[in-house]
file my_file.cif (mmCIF, C-alpha atoms, pLDDT in the B column; chains and numbers go by the auth columns)
data_target
#
loop_
_atom_site.group_PDB
_atom_site.id
_atom_site.type_symbol
_atom_site.label_atom_id
_atom_site.label_comp_id
_atom_site.label_asym_id
_atom_site.label_seq_id
_atom_site.Cartn_x
_atom_site.Cartn_y
_atom_site.Cartn_z
_atom_site.B_iso_or_equiv
_atom_site.auth_seq_id
_atom_site.auth_asym_id
ATOM 1 C CA MET A 1 -125.109 -14.521 17.084 60.00 29 A
ATOM 2 C CA ALA A 2 -122.457 -17.273 17.056 60.00 30 A
ATOM 3 C CA PHE A 3 -120.770 -15.643 20.061 57.00 31 A
ATOM 4 C CA LEU A 4 -124.057 -15.709 22.016 52.00 32 A
ATOM 5 C CA SER A 5 -124.722 -19.387 21.265 57.00 33 A
ATOM 6 C CA ARG A 6 -121.140 -20.355 22.265 58.00 34 A
ATOM 7 C CA THR A 7 -121.531 -18.434 25.501 58.00 35 A
ATOM 8 C CA LEU A 8 -124.836 -20.151 26.309 52.00 36 A
ATOM 9 C CA VAL A 9 -123.396 -23.600 25.555 52.00 37 A
ATOM 10 C CA GLY A 10 -120.366 -22.833 27.721 54.00 38 A
ATOM 11 C CA LEU A 11 -122.551 -21.697 30.602 53.00 39 A
ATOM 12 C CA ALA A 12 -124.750 -24.785 30.292 54.00 40 A
ATOM 13 C CA LEU A 13 -121.740 -27.129 30.335 51.00 41 A
ATOM 14 C CA GLY A 14 -120.200 -25.254 33.265 52.00 42 A
ATOM 15 C CA GLY A 15 -123.474 -25.513 35.186 51.00 43 A
ATOM 16 C CA MET A 16 -123.690 -29.266 34.566 52.00 44 A
ATOM 17 C CA VAL A 17 -120.104 -29.836 35.722 47.00 45 A
ATOM 18 C CA ALA A 18 -120.653 -27.741 38.846 50.00 46 A
ATOM 19 C CA GLY A 19 -123.908 -29.576 39.599 49.00 47 A
ATOM 20 C CA CYS A 20 -122.287 -32.999 39.267 51.00 48 A
ATOM 21 C CA ALA A 21 -119.319 -32.019 41.403 47.00 49 A
ATOM 22 C CA HIS A 22 -121.571 -30.583 44.106 45.00 50 A
ATOM 23 C CA GLY A 23 -123.779 -33.691 44.255 44.00 51 A
ATOM 24 C CA SER A 24 -120.991 -36.192 44.845 40.00 52 A
ATOM 25 C CA ALA A 25 -120.532 -36.553 48.587 43.00 53 A
ATOM 26 C CA ARG A 26 -118.953 -39.983 48.660 42.00 54 A
ATOM 27 C CA GLY A 27 -116.780 -40.789 51.622 44.00 55 A
ATOM 28 C CA THR A 28 -118.485 -38.359 53.975 46.00 56 A
ATOM 29 C CA GLN A 29 -120.904 -39.622 56.575 51.00 57 A
ATOM 30 C CA LYS A 30 -123.868 -37.484 57.455 55.00 58 A
ATOM 31 C CA SER A 31 -125.178 -38.020 60.963 61.00 59 A
ATOM 32 C CA GLN A 32 -128.797 -39.028 61.327 80.00 60 A
ATOM 33 C CA ALA A 33 -130.936 -37.176 63.842 87.00 61 A
ATOM 34 C CA ASN A 34 -132.420 -40.334 65.387 92.00 62 A
ATOM 35 C CA VAL A 35 -129.404 -42.679 65.329 95.00 63 A
ATOM 36 C CA ILE A 36 -125.960 -42.627 66.953 94.00 64 A
ATOM 37 C CA THR A 37 -123.597 -44.975 65.138 93.00 65 A
ATOM 38 C CA ARG A 38 -120.497 -46.742 66.416 91.00 66 A
ATOM 39 C CA ALA A 39 -118.354 -44.398 64.315 91.00 67 A
ATOM 40 C CA GLU A 40 -119.802 -41.367 66.121 92.00 68 A
ATOM 41 C CA MET A 41 -119.171 -42.987 69.513 91.00 69 A
ATOM 42 C CA ASP A 42 -115.553 -43.737 68.591 90.00 70 A
ATOM 43 C CA GLN A 43 -114.776 -40.088 67.795 89.00 71 A
ATOM 44 C CA SER A 44 -114.477 -39.249 71.509 84.00 72 A
ATOM 45 C CA GLU A 45 -114.012 -41.079 74.784 87.00 73 A
ATOM 46 C CA TYR A 46 -117.132 -41.392 76.914 89.00 74 A
ATOM 47 C CA ALA A 47 -117.389 -43.243 80.217 88.00 75 A
ATOM 48 C CA SER A 48 -121.050 -44.256 79.835 93.00 76 A
ATOM 49 C CA LEU A 49 -123.836 -44.340 77.278 94.00 77 A
ATOM 50 C CA TYR A 50 -125.489 -41.484 79.161 95.00 78 A
ATOM 51 C CA GLU A 51 -122.486 -39.285 78.340 94.00 79 A
ATOM 52 C CA VAL A 52 -122.610 -40.412 74.690 94.00 80 A
ATOM 53 C CA VAL A 53 -126.279 -39.459 74.338 94.00 81 A
ATOM 54 C CA GLN A 54 -125.873 -36.257 76.340 94.00 82 A
ATOM 55 C CA ALA A 55 -122.966 -35.085 74.163 93.00 83 A
ATOM 56 C CA LEU A 56 -124.273 -36.155 70.753 93.00 84 A
ATOM 57 C CA ARG A 57 -128.093 -35.982 71.050 93.00 85 A
ATOM 58 C CA GLY A 58 -128.904 -34.277 74.360 92.00 86 A
ATOM 59 C CA ARG A 59 -132.522 -33.596 73.400 92.00 87 A
ATOM 60 C CA TRP A 60 -133.265 -37.327 73.634 92.00 88 A
ATOM 61 C CA LEU A 61 -132.920 -37.166 77.425 91.00 89 A
ATOM 62 C CA ARG A 62 -135.633 -34.536 77.928 85.00 90 A
ATOM 63 C CA SER A 63 -139.256 -35.410 78.655 77.00 91 A
ATOM 64 C CA ARG A 64 -141.776 -34.056 76.194 69.00 92 A
ATOM 65 C CA GLY A 65 -145.231 -32.636 76.784 62.00 93 A
ATOM 66 C CA PRO A 66 -147.606 -33.525 79.619 60.00 94 A
ATOM 67 C CA ASN A 67 -147.073 -36.613 81.695 55.00 95 A
ATOM 68 C CA THR A 68 -150.214 -38.757 81.433 55.00 96 A
ATOM 69 C CA ILE A 69 -153.964 -38.389 81.762 60.00 97 A
ATOM 70 C CA LEU A 70 -153.743 -39.925 85.224 56.00 98 A
ATOM 71 C CA GLY A 71 -151.048 -37.442 86.257 61.00 99 A
ATOM 72 C CA LYS A 72 -148.374 -40.090 86.794 63.00 100 A
ATOM 73 C CA PRO A 73 -144.988 -38.810 85.673 65.00 101 A
ATOM 74 C CA THR A 74 -143.244 -40.750 82.942 77.00 102 A
ATOM 75 C CA GLU A 75 -139.792 -40.400 81.452 88.00 103 A
ATOM 76 C CA VAL A 76 -137.930 -41.466 78.372 92.00 104 A
ATOM 77 C CA GLN A 77 -137.459 -45.241 78.572 94.00 105 A
ATOM 78 C CA VAL A 78 -134.385 -47.288 77.625 95.00 106 A
ATOM 79 C CA MET A 79 -134.446 -50.623 75.798 95.00 107 A
ATOM 80 C CA LEU A 80 -131.361 -52.830 75.406 94.00 108 A
ATOM 81 C CA ASP A 81 -131.787 -55.413 72.647 93.00 109 A
ATOM 82 C CA ASP A 82 -135.608 -55.445 73.095 87.00 110 A
ATOM 83 C CA MET A 83 -135.382 -55.675 76.894 93.00 111 A
ATOM 84 C CA ARG A 84 -136.734 -52.773 78.968 93.00 112 A
ATOM 85 C CA LEU A 85 -134.151 -51.391 81.379 93.00 113 A
ATOM 86 C CA GLY A 86 -135.977 -48.373 82.815 92.00 114 A
ATOM 87 C CA GLY A 87 -135.460 -44.601 82.603 92.00 115 A
ATOM 88 C CA VAL A 88 -132.546 -42.655 81.186 92.00 116 A
ATOM 89 C CA GLY A 89 -130.607 -43.045 84.438 93.00 117 A
ATOM 90 C CA THR A 90 -129.922 -46.665 83.472 94.00 118 A
ATOM 91 C CA LEU A 91 -127.689 -45.389 80.657 94.00 119 A
ATOM 92 C CA ARG A 92 -125.164 -44.309 83.310 94.00 120 A
ATOM 93 C CA SER A 93 -124.428 -47.952 84.161 93.00 121 A
ATOM 94 C CA LEU A 94 -123.915 -49.021 80.521 93.00 122 A
ATOM 95 C CA THR A 95 -120.611 -48.680 78.672 91.00 123 A
ATOM 96 C CA ARG A 96 -120.214 -48.365 74.927 87.00 124 A
ATOM 97 C CA ASP A 97 -118.480 -51.738 74.647 88.00 125 A
ATOM 98 C CA ASN A 98 -120.224 -53.925 72.050 89.00 126 A
ATOM 99 C CA VAL A 99 -122.795 -51.210 71.232 93.00 127 A
ATOM 100 C CA VAL A 100 -123.512 -50.919 67.519 94.00 128 A
ATOM 101 C CA THR A 101 -126.179 -48.206 67.484 94.00 129 A
ATOM 102 C CA ILE A 102 -128.259 -46.085 69.788 95.00 130 A
ATOM 103 C CA ALA A 103 -131.562 -44.963 68.293 96.00 131 A
ATOM 104 C CA PHE A 104 -134.412 -42.743 69.460 96.00 132 A
ATOM 105 C CA VAL A 105 -138.009 -43.773 68.821 95.00 133 A
ATOM 106 C CA ASP A 106 -140.327 -40.773 68.937 92.00 134 A
ATOM 107 C CA PRO A 107 -143.088 -40.685 71.603 89.00 135 A
ATOM 108 C CA VAL A 108 -145.988 -41.486 69.284 89.00 136 A
ATOM 109 C CA ALA A 109 -144.293 -44.471 67.642 93.00 137 A
ATOM 110 C CA ALA A 110 -142.987 -45.756 71.001 92.00 138 A
ATOM 111 C CA ALA A 111 -146.421 -45.537 72.645 89.00 139 A
ATOM 112 C CA GLN A 112 -148.013 -47.335 69.700 93.00 140 A
ATOM 113 C CA ARG A 113 -145.400 -50.074 69.753 93.00 141 A
ATOM 114 C CA TRP A 114 -144.872 -50.661 73.493 91.00 142 A
ATOM 115 C CA GLY A 115 -147.729 -48.864 75.289 88.00 143 A
ATOM 116 C CA GLY A 116 -148.379 -45.731 77.322 83.00 144 A
ATOM 117 C CA LYS A 117 -145.322 -46.145 79.558 85.00 145 A
ATOM 118 C CA TYR A 118 -143.232 -45.197 76.549 88.00 146 A
ATOM 119 C CA ALA A 119 -145.192 -41.997 75.743 85.00 147 A
ATOM 120 C CA GLN A 120 -142.100 -39.805 76.312 89.00 148 A
ATOM 121 C CA GLY A 121 -140.064 -41.712 73.710 92.00 149 A
ATOM 122 C CA THR A 122 -137.611 -44.591 73.877 95.00 150 A
ATOM 123 C CA ILE A 123 -133.856 -44.901 73.493 96.00 151 A
ATOM 124 C CA VAL A 124 -133.073 -48.255 71.871 96.00 152 A
ATOM 125 C CA VAL A 125 -129.532 -49.607 72.367 95.00 153 A
ATOM 126 C CA THR A 126 -128.464 -52.339 69.944 94.00 154 A
ATOM 127 C CA THR A 127 -125.410 -54.473 70.693 92.00 155 A
ATOM 128 C CA ARG A 128 -123.417 -56.835 68.515 84.00 156 A
ATOM 129 C CA ALA A 129 -125.013 -60.239 68.189 70.00 157 A
ATOM 130 C CA ASP A 130 -121.654 -62.016 68.454 59.00 158 A
ATOM 131 C CA ALA A 131 -120.943 -60.270 71.768 53.00 159 A
ATOM 132 C CA ALA A 132 -124.013 -61.751 73.449 48.00 160 A
ATOM 133 C CA PRO A 133 -123.404 -64.522 75.972 48.00 161 A
ATOM 134 C CA ASP A 134 -123.736 -68.062 74.752 44.00 162 A
ATOM 135 C CA THR A 135 -127.322 -69.129 75.343 42.00 163 A
ATOM 136 C CA GLU A 136 -127.122 -72.512 73.678 45.00 164 A
ATOM 137 C CA PRO A 137 -127.788 -75.304 76.153 45.00 165 A
ATOM 138 C CA GLN A 138 -124.774 -77.478 76.713 46.00 166 A
ATOM 139 C CA PRO A 139 -125.286 -81.179 75.986 49.00 167 A
ATOM 140 C CA LYS A 140 -125.746 -83.161 79.144 49.00 168 A
ATOM 141 C CA LYS A 141 -123.265 -85.875 79.929 52.00 169 A
ATOM 142 C CA PRO A 142 -124.833 -89.290 80.214 58.00 170 A
ATOM 143 C CA VAL A 143 -125.341 -90.365 83.783 59.00 171 A
ATOM 144 C CA ARG A 144 -124.298 -93.922 84.584 61.00 172 A
ATOM 145 C CA THR A 145 -126.418 -95.801 86.974 64.00 173 A
ATOM 146 C CA ASN A 146 -125.503 -99.102 88.596 69.00 174 A
ATOM 147 C CA GLN A 147 -128.348 -101.510 88.139 59.00 175 A
#

call {"tool": "encode", "arguments": {"input": "my_file.cif", "output": "structure tokens"}}
result
Amino acid sequence: MAFLSRTLVGLALGGMVAGCAHGSARGTQKSQANVITRAEMDQSEYASLYEVVQALRGRWLRSRGPNTILGKPTEVQVMLDDMRLGGVGTLRSLTRDNVVTIAFVDPVAAAQRWGGKYAQGTIVVTTRADAAPDTEPQPKKPVRTNQ
């Protein structure tokens, strides 16, 4: 009887140790299905953001389902810091410099947020705020007039 209880206690302790060791995944980054981080982009050299998306999340570039009720074709749209750029072809002209994340907004959420033009989904590119051009107006120099 004592042997059986020691065996059960040993198995329980071994199970707890194995469970704790298995659950600790510190230091490893798990990629998210709807976000490409800067760290993922830095793992390989890509010439354009199109190549980044194509290599890491190629399914984002494909149109989904029917076009529209009116029959007008639509495609996945691209937004750069809340500014609409156009279709996925515009990613070919963008480099990964200053890009922090690239995220995919699913078709339903994109259509609800921005309208029917975005019914195929939206790729949202976010850049570093400190890399944006200076938009502060420069103080004007006083103009002297001869009166």

call {"tool": "resolve_selection", "arguments": {"input": "my_file.cif", "expression": "the PyMOL selection byres ((chain A and resi 104-114) around 6)", "output": "PyMOL selection string"}}
result
chain A and resi 103+115+148-154

call {"tool": "closest_residue", "arguments": {"input": "my_file.cif", "among": "A:Thr123, A:Thr118, A:Ser72, A:Thr65", "to": "Leu89 (chain A)", "atoms": "only C-alpha atoms"}}
result
A:Thr118

call {"tool": "residues_around", "arguments": {"input": "my_file.cif", "residues": "Leu122 (chain A)", "least_positions_apart": "4", "cutoff": "8 Å", "atoms": "only C-alpha atoms", "output": "list in words"}}
result
Ser76, Leu77, Tyr78 and Thr118 of chain A

call {"tool": "resolve_selection", "arguments": {"input": "my_file.cif", "expression": "the PyMOL selection byres ((chain A and resi 127) around 8)", "output": "VMD selection string"}}
result
chain A and resid 66 124 to 126 128 to 130 153 to 156

call {"tool": "axis_aligned_box", "arguments": {"input": "my_file.cif", "around": "region 99-116 of chain A", "padding_each_side": "3 Å", "output": "JSON"}}
result
{"center_x": -141.2, "center_y": -46.6, "center_z": 79.7, "size_x": 25.7, "size_y": 24.2, "size_z": 20.1}

call {"tool": "atom_distance", "arguments": {"input": "my_file.cif", "atom1": "CA of Ala139 (chain A)", "atom2": "CA of Ala83 (chain A)"}}
result
25.7 Å

call {"tool": "residues_near_point", "arguments": {"input": "my_file.cif", "point": "(-139.7, -39.0, 72.0)", "cutoff": "8 Å", "atoms": "all atoms listed in the file", "output": "CSV table (one decimal) with C-alpha atoms, keeping the file's coordinate frame"}}
result
chain,number,residue,atom,x,y,z
A,88,TRP,CA,-133.3,-37.3,73.6
A,91,SER,CA,-139.3,-35.4,78.7
A,92,ARG,CA,-141.8,-34.1,76.2
A,104,VAL,CA,-137.9,-41.5,78.4
A,132,PHE,CA,-134.4,-42.7,69.5
A,133,VAL,CA,-138.0,-43.8,68.8
A,134,ASP,CA,-140.3,-40.8,68.9
A,135,PRO,CA,-143.1,-40.7,71.6
A,136,VAL,CA,-146.0,-41.5,69.3
A,138,ALA,CA,-143.0,-45.8,71.0
A,147,ALA,CA,-145.2,-42.0,75.7
A,148,GLN,CA,-142.1,-39.8,76.3
A,149,GLY,CA,-140.1,-41.7,73.7
A,150,THR,CA,-137.6,-44.6,73.9

call {"tool": "atom_distance", "arguments": {"input": "my_file.cif", "atom1": "CA of Ala67 (chain A)", "atom2": "CA of Gly86 (chain A)"}}
result
17.7 Å

call {"tool": "atom_distance", "arguments": {"input": "my_file.cif", "atom1": "CA of Leu84 (chain A)", "atom2": "CA of Arg141 (chain A)"}}
result
25.3 Å

call {"tool": "closest_residue", "arguments": {"input": "my_file.cif", "among": "A:Ala131, A:Arg120, A:Trp142, A:Thr102", "to": "Ala61 (chain A)", "atoms": "all atoms listed in the file"}}
result
A:Ala131
